[in-house]
file run-v1.txt (compact mmCIF, C-alpha atoms)
# COMPACT_ATOMS: atom_id res chain seq x y z
CA MET A 108 14.48 -5.35 32.93
CA THR A 109 16.79 -8.00 31.45
CA ILE A 110 16.15 -10.29 28.51
CA SER A 111 18.38 -12.55 26.46
CA GLU A 112 19.44 -11.36 23.00
CA LYS A 113 17.73 -14.37 21.41
CA ASN A 114 14.37 -13.68 23.12
CA PHE A 115 14.57 -9.94 22.41
CA THR A 116 15.13 -10.63 18.71
CA LYS A 117 12.18 -13.07 18.61
CA ILE A 118 9.84 -10.60 20.33
CA LEU A 119 11.00 -7.72 18.11
CA ASN A 120 10.41 -9.63 14.87
CA GLY A 121 7.16 -11.06 16.22
CA PHE A 122 5.97 -7.53 16.92
CA LEU A 123 6.83 -6.43 13.38
CA ALA A 124 5.08 -9.41 11.78
CA VAL A 125 1.91 -8.80 13.83
CA LEU A 126 2.02 -5.07 13.07
CA ALA A 127 2.22 -5.80 9.34
CA ILE A 128 -0.63 -8.32 9.55
CA THR A 129 -2.93 -6.02 11.53
CA MET A 130 -2.25 -2.96 9.35
CA ILE A 131 -5.68 -3.32 7.71
CA PHE A 132 -7.33 -2.93 11.15
CA ARG A 133 -6.64 0.64 12.25
CA LYS A 134 -7.57 0.54 15.95
CA PRO A 135 -5.85 -2.74 16.92
CA CYS A 136 -2.80 -1.76 14.90
CA THR A 137 -2.64 1.69 16.54
CA LEU A 138 -2.66 0.02 19.96
CA LEU A 139 0.09 -2.37 18.86
CA ILE A 140 2.23 0.55 17.60
CA ILE A 141 1.96 2.14 21.05
CA LEU A 142 2.90 -1.18 22.73
CA PHE A 143 5.80 -1.58 20.29
CA ALA A 144 7.09 1.88 21.21
CA VAL A 145 6.77 1.18 24.95
CA PHE A 146 8.53 -2.19 24.56
CA ASN A 147 11.46 -0.55 22.80
CA LEU A 148 11.66 2.26 25.36
CA PHE A 149 12.21 -0.39 28.05
CA PHE A 150 15.21 -1.62 26.06
CA ILE A 151 16.38 1.71 24.68
CA LYS A 152 20.03 0.85 25.41
CA LYS A 153 19.86 -1.83 22.74
CA LEU A 154 19.33 0.76 20.01
CA ASN A 155 22.30 1.34 17.75
CA TYR A 156 22.51 3.71 14.80
CA SER A 157 25.03 4.05 11.99
CA LYS A 158 25.42 7.15 9.80
CA GLN A 159 23.41 5.45 7.03
CA SER A 160 20.61 4.47 9.44
CA LEU A 161 20.32 8.08 10.67
CA ILE A 162 19.96 9.30 7.07
CA LEU A 163 17.29 6.64 6.44
CA LEU A 164 15.56 7.69 9.66
CA LEU A 165 15.26 11.26 8.41
CA LEU A 166 14.00 10.10 5.00
CA ILE A 167 11.31 7.85 6.52
CA ALA A 168 10.23 10.59 8.94
CA SER A 169 10.31 13.31 6.22
CA PRO A 170 6.48 13.72 5.93
CA LEU A 171 6.32 14.16 9.72
CA LEU A 172 9.21 16.66 9.63
CA LEU A 173 7.43 18.59 6.87
CA GLU A 174 4.28 18.77 9.01
CA ILE A 175 6.35 20.13 11.92
CA VAL A 176 8.21 22.71 9.81
CA MET A 177 4.97 23.95 8.19
CA PHE A 178 2.82 23.75 11.33
CA TRP A 179 2.69 27.55 11.56
CA ASN A 180 0.64 27.65 8.34
CA ASN A 181 -2.41 25.89 9.87
CA ASP A 182 -5.43 28.08 10.64
CA SER A 183 -6.50 25.76 13.47
CA PHE A 184 -4.05 24.61 16.15
CA SER A 185 -6.14 21.56 17.11
CA LYS A 186 -6.73 20.46 13.52
CA GLY A 187 -3.05 20.98 12.74
CA LEU A 188 -2.13 18.84 15.73
CA LYS A 189 -4.54 16.13 14.58
CA SER A 190 -2.93 16.15 11.13
CA LEU A 191 0.52 15.97 12.71
CA GLU A 192 -0.46 13.03 14.94
CA LYS A 193 -1.26 10.84 11.91
CA TYR A 194 2.44 10.73 11.00
CA SER A 195 3.74 9.78 14.46
CA SER A 196 4.02 6.11 13.44
CA LEU A 197 6.78 7.11 11.00
CA LEU A 198 8.91 8.29 13.92
CA VAL A 199 8.19 5.14 15.93
CA PHE A 200 9.10 2.80 13.08
CA SER A 201 12.18 4.69 11.94
CA LEU A 202 13.56 5.05 15.49
CA PHE A 203 12.95 1.55 16.77
CA ILE A 204 13.26 -0.60 13.65
CA LEU A 205 16.37 1.08 12.23
CA GLY A 206 17.82 1.25 15.74
CA ASN A 207 17.59 -2.55 15.83
CA TYR A 208 18.48 -3.10 12.18
CA GLN A 209 20.96 -5.92 12.95
CA ARG A 210 18.14 -7.98 14.46
CA ILE A 211 15.50 -7.56 11.72
CA GLN A 212 14.66 -10.81 9.89
CA PHE A 213 13.21 -9.50 6.65
CA LEU A 214 12.24 -12.78 4.97
CA LYS A 215 10.67 -14.28 8.10
CA ILE A 216 8.55 -11.17 8.66
CA LEU A 217 7.50 -11.15 4.99
CA LEU A 218 6.61 -14.86 5.06
CA PHE A 219 4.43 -14.64 8.18
CA TYR A 220 2.81 -11.47 6.88
CA SER A 221 1.89 -12.88 3.46
CA VAL A 222 0.64 -16.27 4.67
CA ILE A 223 -1.30 -15.10 7.73
CA THR A 224 -2.83 -12.07 5.97
CA THR A 225 -4.09 -14.36 3.21
CA GLY A 226 -5.55 -16.63 5.89
CA ILE A 227 -7.28 -13.70 7.60
CA ILE A 228 -8.80 -12.48 4.34
CA PHE A 229 -9.96 -16.04 3.62
CA PHE A 230 -11.68 -16.03 7.04
CA PHE A 231 -13.41 -12.73 6.22
CA PHE A 232 -14.42 -14.09 2.82
CA ILE A 233 -16.16 -17.09 4.47
CA ARG A 234 -17.67 -14.70 7.01
CA PHE A 235 -18.96 -12.52 4.16
CA ILE A 236 -20.72 -15.52 2.59
CA ILE A 237 -22.30 -16.52 5.93
CA TYR A 238 -23.30 -13.08 7.25
CA TYR A 239 -24.18 -11.41 3.94
CA PRO A 240 -25.70 -14.25 1.87
CA GLU A 241 -28.10 -11.93 0.07
CA LEU A 242 -25.15 -9.88 -1.24
CA PHE A 243 -23.06 -12.92 -2.13
CA TYR A 244 -25.85 -14.67 -4.04
CA LYS A 245 -26.69 -11.41 -5.78
CA TYR A 246 -23.12 -11.21 -7.06
CA LEU A 247 -23.16 -14.90 -8.02
CA ASN A 248 -26.17 -14.10 -10.20
CA GLY A 249 -24.27 -11.23 -11.85
CA ASN A 250 -26.20 -8.35 -10.23
CA ASP A 251 -24.57 -5.07 -9.08
CA LEU A 252 -21.06 -6.47 -9.54
CA TRP A 253 -19.65 -2.92 -9.44
CA GLU A 254 -20.22 -2.80 -5.68
CA MET A 255 -18.89 -6.27 -4.80
CA GLY A 256 -15.33 -5.38 -3.78
CA TYR A 257 -16.46 -2.28 -1.90
CA GLU A 258 -19.11 -4.18 0.08
CA PHE A 259 -16.59 -6.90 0.98
CA SER A 260 -14.04 -4.28 2.09
CA ASN A 261 -16.69 -2.43 4.11
CA SER A 262 -17.52 -5.69 5.91
CA ILE A 263 -13.89 -5.75 7.11
CA GLY A 264 -13.89 -2.04 7.93
CA ILE A 265 -11.47 -0.66 5.34
CA HIS A 266 -11.74 1.26 2.05
CA ALA A 267 -11.49 -1.04 -1.00
CA PRO A 268 -8.49 0.67 -2.73
CA ALA A 269 -6.56 0.63 0.57
CA LEU A 270 -7.36 -3.04 1.19
CA ASN A 271 -6.36 -3.99 -2.33
CA MET A 272 -3.08 -2.08 -2.04
CA HIS A 273 -2.23 -4.36 0.90
CA LEU A 274 -3.51 -7.46 -0.90
CA ALA A 275 -1.47 -6.67 -4.01
CA PHE A 276 1.72 -6.61 -1.93
CA VAL A 277 0.66 -9.83 -0.17
CA SER A 278 0.11 -11.58 -3.50
CA ILE A 279 3.46 -10.40 -4.90
CA SER A 280 5.17 -11.67 -1.73
CA CYS A 281 3.36 -15.00 -2.01
CA LEU A 282 4.63 -15.46 -5.57
CA PHE A 283 8.16 -14.69 -4.35
CA PHE A 284 7.88 -17.52 -1.80
CA VAL A 285 6.56 -19.92 -4.45
CA PHE A 286 9.72 -19.35 -6.51
CA ASN A 287 11.82 -19.45 -3.35
CA SER A 288 10.39 -22.87 -2.40
CA PHE A 289 11.48 -24.28 -5.77
CA ARG A 290 14.91 -22.68 -5.55
CA LEU A 291 15.47 -24.13 -2.07
CA ARG A 292 14.02 -27.47 -3.21
CA GLU A 293 11.55 -27.64 -0.35
CA LYS A 294 9.35 -30.70 0.21
CA GLY A 295 6.36 -31.20 -2.08
CA LEU A 296 3.82 -30.38 0.63
CA LEU A 297 5.47 -27.03 1.36
CA LYS A 298 5.57 -26.20 -2.36
CA MET A 299 1.89 -27.04 -2.76
CA GLY A 300 1.05 -24.96 0.31
CA SER A 301 2.91 -21.92 -1.05
CA ILE A 302 1.16 -22.29 -4.44
CA LEU A 303 -2.27 -22.56 -2.76
CA VAL A 304 -1.65 -19.45 -0.66
CA PHE A 305 -0.51 -17.57 -3.78
CA VAL A 306 -3.61 -18.60 -5.79
CA LEU A 307 -5.88 -17.50 -2.92
CA SER A 308 -4.07 -14.18 -2.53
CA PHE A 309 -4.41 -13.41 -6.25
CA PHE A 310 -8.10 -14.38 -6.17
CA PHE A 311 -8.72 -11.86 -3.38
CA VAL A 312 -7.06 -9.08 -5.41
CA LEU A 313 -9.49 -9.91 -8.23
CA PHE A 314 -12.44 -10.16 -5.85
CA VAL A 315 -11.87 -6.68 -4.38
CA ASN A 316 -11.23 -5.66 -7.99
CA THR A 317 -9.67 -2.19 -7.98
CA ARG A 318 -7.92 -1.09 -11.15
CA MET A 319 -4.59 0.18 -9.83
CA ALA A 320 -4.13 -2.89 -7.61
CA LEU A 321 -4.60 -5.24 -10.55
CA LEU A 322 -2.06 -3.30 -12.62
CA ASN A 323 0.36 -3.22 -9.70
CA VAL A 324 0.07 -6.90 -8.90
CA LEU A 325 0.74 -7.90 -12.52
CA VAL A 326 3.77 -5.59 -12.71
CA GLY A 327 4.92 -7.00 -9.36
CA PHE A 328 4.60 -10.56 -10.68
CA ALA A 329 6.73 -9.61 -13.69
CA LEU A 330 9.40 -8.03 -11.47
CA VAL A 331 9.51 -11.07 -9.19
CA PHE A 332 9.71 -13.39 -12.19
CA PHE A 333 12.63 -11.49 -13.71
CA GLY A 334 14.33 -10.96 -10.35
CA GLU A 335 13.89 -14.41 -8.84
CA VAL A 336 13.62 -16.78 -11.81
CA ILE A 337 15.64 -15.45 -14.75
CA ARG A 338 18.58 -14.54 -12.51
CA LYS A 339 18.61 -17.77 -10.49
CA PHE A 340 17.37 -20.63 -12.71
CA ASN A 341 18.71 -22.17 -15.91
CA PHE A 342 17.02 -21.48 -19.27
CA LYS A 343 14.91 -24.65 -19.41
CA LYS A 344 13.51 -24.07 -15.92
CA VAL A 345 12.81 -20.41 -16.74
CA ILE A 346 10.71 -21.40 -19.77
CA GLY A 347 8.90 -24.12 -17.81
CA ILE A 348 8.10 -21.79 -14.91
CA LEU A 349 6.97 -19.05 -17.31
CA VAL A 350 4.56 -21.42 -19.09
CA VAL A 351 3.12 -22.66 -15.76
CA LEU A 352 2.80 -19.09 -14.40
CA ILE A 353 1.01 -17.85 -17.53
CA PHE A 354 -1.28 -20.88 -17.43
CA VAL A 355 -2.15 -20.39 -13.73
CA LEU A 356 -2.62 -16.60 -13.90
CA GLY A 357 -4.41 -16.79 -17.24
CA GLY A 358 -6.72 -19.52 -15.94
CA ILE A 359 -7.62 -17.57 -12.80
CA LEU A 360 -8.22 -14.38 -14.80
CA TYR A 361 -10.29 -16.19 -17.43
CA ILE A 362 -12.51 -17.91 -14.84
CA PHE A 363 -12.97 -14.69 -12.90
CA VAL A 364 -13.79 -12.55 -15.96
CA GLN A 365 -16.22 -15.17 -17.27
CA ASN A 366 -18.06 -15.03 -13.95
CA ASN A 367 -17.79 -11.26 -13.63
CA PRO A 368 -18.95 -9.69 -16.92
CA TYR A 369 -18.84 -6.22 -15.32
CA MET A 370 -15.04 -6.50 -15.19
CA LYS A 371 -14.75 -6.06 -18.97
CA GLU A 372 -17.01 -3.02 -18.81
CA LYS A 373 -15.19 -1.54 -15.80
CA TYR A 374 -11.77 -1.71 -17.41
CA SER A 375 -12.95 -0.19 -20.70
CA SER A 376 -16.12 1.87 -21.12
CA VAL A 377 -16.70 2.75 -17.44
CA THR A 378 -13.12 3.88 -16.80
CA PHE A 379 -12.85 6.13 -19.86
CA ALA A 380 -16.44 7.33 -20.16
CA TYR A 381 -17.32 11.03 -20.57
CA MET A 382 -13.72 12.26 -20.91
CA ASP A 383 -15.06 15.26 -22.79
CA LYS A 384 -16.77 16.40 -19.56
CA VAL A 385 -13.62 17.18 -17.52
CA GLY A 386 -14.55 20.01 -15.13
CA LYS A 387 -18.19 19.82 -16.28
CA LEU A 388 -19.46 16.72 -14.46
CA ASP A 389 -22.76 18.38 -13.56
CA GLU A 390 -23.72 18.29 -17.24
CA ILE A 391 -23.87 14.49 -17.01
CA ASP A 392 -27.26 13.02 -16.08
CA HIS A 393 -26.91 11.54 -12.55
CA PRO A 394 -23.07 11.63 -12.42
CA GLU A 395 -23.06 9.68 -9.13
CA TYR A 396 -24.33 6.64 -11.05
CA ARG A 397 -22.33 7.12 -14.24
CA VAL A 398 -18.90 8.52 -13.34
CA PHE A 399 -18.40 8.20 -9.58
CA ASN A 400 -15.35 5.94 -10.08
CA SER A 401 -14.43 6.97 -13.60
CA LEU A 402 -11.22 8.63 -14.74
CA VAL A 403 -13.09 11.80 -15.74
CA THR A 404 -13.99 12.42 -12.09
CA ARG A 405 -10.38 12.12 -10.95
CA VAL A 406 -9.13 14.33 -13.80
CA SER A 407 -11.76 16.94 -12.88
CA ILE A 408 -10.56 16.85 -9.25
CA TRP A 409 -6.91 17.12 -10.35
CA LYS A 410 -7.73 20.09 -12.59
CA SER A 411 -9.36 21.93 -9.68
CA ALA A 412 -6.59 20.91 -7.27
CA TRP A 413 -3.92 22.29 -9.63
CA GLU A 414 -5.84 25.55 -10.11
CA LEU A 415 -6.13 25.95 -6.34
CA ALA A 416 -2.48 25.00 -5.73
CA LYS A 417 -1.23 27.60 -8.22
CA LYS A 418 -2.72 30.32 -6.01
CA ASN A 419 -0.64 29.17 -3.03
CA LEU A 420 2.51 27.74 -4.64
CA LEU A 421 5.03 29.05 -2.11
CA PHE A 422 3.71 27.74 1.23
CA GLY A 423 0.34 26.11 0.48
CA VAL A 424 -2.83 26.52 2.53
CA GLY A 425 -1.77 24.47 5.57
CA ALA A 426 -1.97 20.76 6.42
CA SER A 427 -5.34 21.00 8.17
CA ASP A 428 -6.92 23.18 5.47
CA GLY A 429 -6.16 21.26 2.27
CA LYS A 430 -9.42 19.39 1.85
CA PRO A 431 -11.71 22.19 3.16
CA GLU A 432 -10.09 24.64 0.72
CA LEU A 433 -10.50 22.20 -2.17
CA ILE A 434 -14.20 21.68 -1.39
CA LYS A 435 -14.61 25.45 -1.11
CA TYR A 436 -13.02 25.76 -4.56
CA PHE A 437 -15.47 23.18 -5.97
CA LYS A 438 -18.30 25.39 -4.75
CA GLN A 439 -16.70 28.59 -6.07
CA THR A 440 -16.34 27.03 -9.52
CA ASN A 441 -19.91 25.68 -9.40
CA GLN A 442 -18.96 22.00 -9.46
CA GLN A 443 -21.86 20.75 -7.36
CA PHE A 444 -21.25 17.00 -7.81
CA LEU A 445 -17.66 17.25 -6.53
CA ALA A 446 -18.71 19.56 -3.70
CA LYS A 447 -21.63 17.35 -2.64
CA TYR A 448 -19.46 14.24 -2.21
CA GLU A 449 -16.47 16.21 -0.86
CA PHE A 450 -13.91 14.37 -2.96
CA PRO A 451 -10.29 14.52 -1.77
CA THR A 452 -7.52 15.13 -4.32
CA HIS A 453 -6.95 11.45 -5.18
CA ASN A 454 -3.32 12.33 -5.91
CA GLN A 455 -0.74 12.56 -3.13
CA PHE A 456 1.55 14.94 -5.03
CA LEU A 457 -1.25 17.42 -5.67
CA ASP A 458 -2.52 17.05 -2.11
CA PHE A 459 0.87 18.00 -0.63
CA LEU A 460 1.22 20.79 -3.23
CA ILE A 461 -2.05 22.32 -1.99
CA LYS A 462 -1.09 21.92 1.67
CA PHE A 463 2.62 22.75 1.69
CA GLY A 464 3.37 24.49 -1.59
CA ILE A 465 6.37 23.56 -3.77
CA LEU A 466 8.11 21.66 -0.96
CA GLY A 467 5.19 19.22 -0.58
CA PRO A 468 5.48 17.10 -3.75
CA LEU A 469 9.29 17.14 -3.43
CA ILE A 470 8.99 15.47 -0.03
CA VAL A 471 6.55 12.88 -1.43
CA LEU A 472 9.02 12.12 -4.24
CA LEU A 473 11.90 11.86 -1.76
CA TYR A 474 9.89 9.59 0.53
CA ILE A 475 8.63 7.20 -2.15
CA PHE A 476 11.83 7.12 -4.23
CA THR A 477 13.79 6.16 -1.12
CA ILE A 478 11.96 2.81 -1.40
CA GLY A 479 12.97 2.62 -5.05
CA TYR A 480 16.61 3.33 -4.17
CA LEU A 481 16.60 0.55 -1.56
CA GLY A 482 15.09 -1.86 -4.07
CA PHE A 483 17.60 -1.04 -6.83
CA SER A 484 20.52 -1.13 -4.41
CA LEU A 485 19.44 -4.51 -3.01
CA LYS A 486 18.42 -5.79 -6.48
CA ASN A 487 15.36 -7.09 -4.63
CA ALA A 488 12.21 -7.65 -6.70
CA VAL A 489 9.86 -7.53 -3.69
CA VAL A 490 11.15 -4.12 -2.58
CA LEU A 491 11.00 -2.81 -6.17
CA SER A 492 7.44 -4.11 -6.45
CA PHE A 493 6.50 -2.28 -3.26
CA PHE A 494 8.02 0.92 -4.67
CA PHE A 495 6.04 0.64 -7.91
CA LEU A 496 2.88 -0.27 -5.98
CA PHE A 497 3.09 2.67 -3.58
CA PHE A 498 4.20 5.17 -6.23
CA THR A 499 1.40 4.39 -8.68
CA SER A 500 -1.21 4.08 -5.91
CA ASN A 501 -0.41 7.64 -4.87
CA LEU A 502 -0.86 8.90 -8.41
CA THR A 503 -4.57 8.04 -8.30
CA ASP A 504 -5.14 8.23 -4.54
CA ASP A 505 -3.67 9.93 -1.48
CA PHE A 506 -2.43 7.20 0.85
CA LEU A 507 -0.11 9.50 2.82
CA LEU A 508 -3.28 10.98 4.31
CA ARG A 509 -4.53 7.67 5.67
CA PHE A 510 -3.33 5.46 8.49
CA ASP A 511 -3.32 2.39 6.24
CA GLY A 512 -0.98 4.20 3.84
CA ILE A 513 1.25 6.07 6.29
CA ALA A 514 1.88 3.22 8.72
CA PHE A 515 1.98 0.61 5.93
CA SER A 516 4.70 2.42 3.99
CA GLY A 517 6.62 3.52 7.10
CA LEU A 518 6.79 0.01 8.56
CA TRP A 519 7.98 -1.63 5.35
CA MET A 520 10.41 1.18 4.53
CA ALA A 521 12.07 0.68 7.90
CA VAL A 522 12.18 -3.11 7.42
CA PHE A 523 13.60 -2.72 3.89
CA GLY A 524 16.07 -0.16 5.22
CA SER A 525 17.20 -2.57 7.95
CA HIS A 526 17.75 -5.30 5.35
CA TRP A 527 19.75 -2.83 3.22
CA LEU A 528 21.90 -1.84 6.23
CA GLN A 529 22.59 -5.51 6.99
CA GLN A 530 23.75 -6.08 3.41
CA LYS A 531 25.95 -2.98 3.64
CA VAL A 532 27.65 -4.38 6.75
CA ILE A 533 28.24 -7.73 5.00
CA ALA A 534 29.62 -5.98 1.90
CA ASP A 535 31.93 -3.78 4.01
CA LYS A 536 33.30 -6.83 5.85
CA GLU A 537 33.95 -8.63 2.58
CA GLN A 538 35.73 -5.54 1.24
CA GLN A 539 37.94 -5.35 4.35
CA GLU A 540 38.86 -9.03 4.01
CA LEU A 541 39.99 -8.41 0.44
call {"tool": "encode", "arguments": {"input": "run-v1.txt", "output": "C-alpha cells"}}
result
Amino acid sequence: MTISEKNFTKILNGFLAVLAITMIFRKPCTLLIILFAVFNLFFIKKLNYSKQSLILLLLIASPLLLEIVMFWNNDSFSKGLKSLEKYSSLLVFSLFILGNYQRIQFLKILLFYSVITTGIIFFFFIRFIIYYPELFYKYLNGNDLWEMGYEFSNSIGIHAPALNMHLAFVSISCLFFVFNSFRLREKGLLKMGSILVFVLSFFFVLFVNTRMALLNVLVGFALVFFGEVIRKFNFKKVIGILVVLIFVLGGILYIFVQNNPYMKEKYSSVTFAYMDKVGKLDEIDHPEYRVFNSLVTRVSIWKSAWELAKKNLLFGVGASDGKPELIKYFKQTNQQFLAKYEFPTHNQFLDFLIKFGILGPLIVLLYIFTIGYLGFSLKNAVVLSFFFLFFTSNLTDDFLLRFDGIAFSGLWMAVFGSHWLQQKVIADKEQQEL
C-alpha cells in the first residue's frame, strides 16, 4: 500500500487526536488503539528510531516490562495474563508514536484534543439536564450535592476522579491556548472563542468537583502563567493578564461556591473528619455515610497496604493477587467497612509495592518522572503540568491500574517524547552549524 508523506502525516496525527479525545470512553478507544496499531503495521517501513527514542520507548513501556518480568509470581495464569493485557497500549504507543516522532504535531493534537473534549463534555452536560432532570433540579436546589459530580460522571460511563483528571489537563491546555492566542495576536473572534472554551473547561472541573483535580488544575494554571506569560510578555502585559486571570478564575470559583455550599464543607470538615479513627473505621457510626470519601479512609487503606507490603517486600504477591490479598488482609485485621466495599489501595506506589515488591514503586517513579524530565528539558509548562497532575493523582489513587490512566499517560508521554526528540534534532543541527 502506498500513500503520500503528507497524507500519512495527516492520518497519523488525526488518529492521535481522536485517540486522546476518546480516552474517556474505554471501548471505542480500545478499538481505535487496535486500528491505530494495524494502520502502522501496514506502513511499518516508515518507522525510524534514534538511540534516544529507543530509551524513551523502554521507559514508556516499563510498567508492561515489569509485568512480564514478574509474571511468574502470579498464582493464576489467566488472571496474570489479564493484568498484563491492560498495559499493551503502552507498547503500541511507544512503538508507533516514537517511531514516527518526526511527523508528530504536538500543538495541533493538543488543540484539537482540548477544544473537542470540552465540546463533548458540554454535550453530555446538556444531555444530563435533559435525561436526568430530577437529579439536576435536585442539585440546583442544593440537595445531595456530594453526589453531583459522581452522578454526572456515571452518566458518561467513567469514574469521577478519572474523568476529572482528564478534564484538569484539558482546562490547563485551554488556558495555554488562550495565552498563545494573545501572543500570536490572533483575531478577536478566535481569542474570544479560546476564552469561552477555557471558561467552560474550568466550569466542568468544578462541576465534577474532585479534590485532587481542583488542586492540580490550579497548580497547572500557575505553571502555564509563569511559563507562557512571564517568560514571553513584557511587565505591563504580565500584570494586566494576571489581574484578568485572577478576576475570571475568582469570579467562576465565587459563583460556583455560592451555589454549591457543600463545597466548603467538602474541602474542610468532610475531608479531615475522624482522623483519630485511622485503622478503626468500624467504630464510626455508619462510616459509609460519614467517611466514604474522607482522608481517614485512604490513610486507613494505606496503613493496611503498607503492613501487607512489608510481609512481601522482595517480590510482592503478584500482579493478579494485589487487590485480593489486600481485601483478605482487611478481613484478617477485622476492618469490616474496608472489606465490605473492597477498597483498592488508592496509591499507585503502594499498589505496585504490594504486587511487585521493592521494584514496583521504583518503576512507578521512573515512569512518572520521565514525564517530569521531558517537561523540564523542554521548559514546557503544559508537559510539566501533566507531570504534576499524574504524579499527585497517583498519590491518592491508582491510575496505572485503569485503562483511562494507563492509556492516557502512555499516549501523552509518547507525544511529549516525540516533541522532545524533534527539539533535540533542531538543537543538534544548530550546534553543527556553529
call {"tool": "closest_residue", "arguments": {"input": "run-v1.txt", "among": "A:Met255, A:Leu402, A:Leu388, A:Ile475", "to": "Gln443 of chain A", "atoms": "all atoms listed in the file"}}
result
A:Leu388
call {"tool": "atom_distance", "arguments": {"input": "run-v1.txt", "atom1": "atom CA of Ile141 of chain A", "atom2": "atom CA of Lys189 of chain A"}}
result
16.7 Å
call {"tool": "axis_aligned_box", "arguments": {"input": "run-v1.txt", "around": "segment 168-187 of chain A", "padding_each_side": "5 Å", "output": "lines of an AutoDock Vina configuration file"}}
result
center_x = 1.8
center_y = 19.3
center_z = 11.5
size_x = 27.0
size_y = 27.5
size_z = 21.2
call {"tool": "residues_around", "arguments": {"input": "run-v1.txt", "residues": "segment 344-353 of chain A", "least_positions_apart": "5", "cutoff": "10 Å", "atoms": "all atoms listed in the file", "output": "list in words"}}
result
Leu282, Phe286, Phe328, Phe332, Phe333, Glu335, Val336, Ile337, Arg338, Lys339, Gly358 and Ile359 of chain A
call {"tool": "closest_residue", "arguments": {"input": "run-v1.txt", "among": "A:Phe437, A:Glu112, A:Val355, A:Gly256", "to": "Leu303 of chain A", "atoms": "only C-alpha atoms"}}
result
A:Val355
call {"tool": "residues_around", "arguments": {"input": "run-v1.txt", "residues": "Phe493 of chain A", "least_positions_apart": "2", "cutoff": "12 Å", "atoms": "all atoms listed in the file", "output": "number ranges by chain"}}
result
A: 272-280, 320, 323-324, 326-328, 330-331, 475-483, 487-491, 495-500, 515-517, 519-520, 523
call {"tool": "closest_residue", "arguments": {"input": "run-v1.txt", "among": "A:Ile237, A:Leu313, A:Ala521, A:Ile461", "to": "Ser427 of chain A", "atoms": "only C-alpha atoms"}}
result
A:Ile461
call {"tool": "residues_around", "arguments": {"input": "run-v1.txt", "residues": "segment 264-269 of chain A", "least_positions_apart": "4", "cutoff": "9 Å", "atoms": "all atoms listed in the file", "output": "PDB file with C-alpha atoms, in the coordinates of the input"}}
result
ATOM      1  CA  ILE A 131      -5.680  -3.320   7.710  1.00  0.00           C
ATOM      2  CA  PHE A 132      -7.330  -2.930  11.150  1.00  0.00           C
ATOM      3  CA  ARG A 133      -6.640   0.640  12.250  1.00  0.00           C
ATOM      4  CA  GLY A 256     -15.330  -5.380  -3.780  1.00  0.00           C
ATOM      5  CA  TYR A 257     -16.460  -2.280  -1.900  1.00  0.00           C
ATOM      6  CA  GLU A 258     -19.110  -4.180   0.080  1.00  0.00           C
ATOM      7  CA  PHE A 259     -16.590  -6.900   0.980  1.00  0.00           C
ATOM      8  CA  SER A 260     -14.040  -4.280   2.090  1.00  0.00           C
ATOM      9  CA  HIS A 273      -2.230  -4.360   0.900  1.00  0.00           C
ATOM     10  CA  LEU A 274      -3.510  -7.460  -0.900  1.00  0.00           C
ATOM     11  CA  VAL A 315     -11.870  -6.680  -4.380  1.00  0.00           C
ATOM     12  CA  ASN A 316     -11.230  -5.660  -7.990  1.00  0.00           C
ATOM     13  CA  THR A 317      -9.670  -2.190  -7.980  1.00  0.00           C
ATOM     14  CA  ARG A 318      -7.920  -1.090 -11.150  1.00  0.00           C
ATOM     15  CA  MET A 319      -4.590   0.180  -9.830  1.00  0.00           C
ATOM     16  CA  ALA A 320      -4.130  -2.890  -7.610  1.00  0.00           C
ATOM     17  CA  SER A 500      -1.210   4.080  -5.910  1.00  0.00           C
ATOM     18  CA  ASP A 504      -5.140   8.230  -4.540  1.00  0.00           C
ATOM     19  CA  PHE A 506      -2.430   7.200   0.850  1.00  0.00           C
ATOM     20  CA  ARG A 509      -4.530   7.670   5.670  1.00  0.00           C
ATOM     21  CA  ASP A 511      -3.320   2.390   6.240  1.00  0.00           C
ATOM     22  CA  GLY A 512      -0.980   4.200   3.840  1.00  0.00           C
TER      23      GLY A 512
END
call {"tool": "build_atoms", "arguments": {"input": "run-v1.txt", "residues": "segment 311-317 of chain A", "atoms": "N, CA, C and O atoms", "output": "short mmCIF file (atom, residue, chain, number, x, y, z; two decimals), in the frame of the given file"}}
result
data_model
loop_
_atom_site.label_atom_id
_atom_site.label_comp_id
_atom_site.auth_asym_id
_atom_site.auth_seq_id
_atom_site.Cartn_x
_atom_site.Cartn_y
_atom_site.Cartn_z
N PHE A 311 -8.18 -12.94 -4.20
CA PHE A 311 -8.72 -11.86 -3.38
C PHE A 311 -8.46 -10.49 -4.01
O PHE A 311 -9.29 -9.58 -3.89
N VAL A 312 -7.32 -10.33 -4.68
CA VAL A 312 -7.06 -9.08 -5.41
C VAL A 312 -8.12 -8.89 -6.49
O VAL A 312 -8.66 -7.79 -6.66
N LEU A 313 -8.45 -9.98 -7.19
CA LEU A 313 -9.49 -9.91 -8.23
C LEU A 313 -10.87 -9.68 -7.63
O LEU A 313 -11.69 -8.97 -8.21
N PHE A 314 -11.13 -10.28 -6.48
CA PHE A 314 -12.44 -10.16 -5.85
C PHE A 314 -12.70 -8.72 -5.40
O PHE A 314 -13.79 -8.17 -5.64
N VAL A 315 -11.72 -8.09 -4.78
CA VAL A 315 -11.87 -6.68 -4.38
C VAL A 315 -11.89 -5.80 -5.62
O VAL A 315 -12.62 -4.81 -5.69
N ASN A 316 -11.07 -6.17 -6.62
CA ASN A 316 -11.23 -5.66 -7.99
C ASN A 316 -11.12 -4.14 -8.11
O ASN A 316 -12.05 -3.47 -8.55
N THR A 317 -9.96 -3.61 -7.71
CA THR A 317 -9.67 -2.19 -7.98
C THR A 317 -8.61 -2.13 -9.06
O THR A 317 -7.70 -2.95 -9.11
#
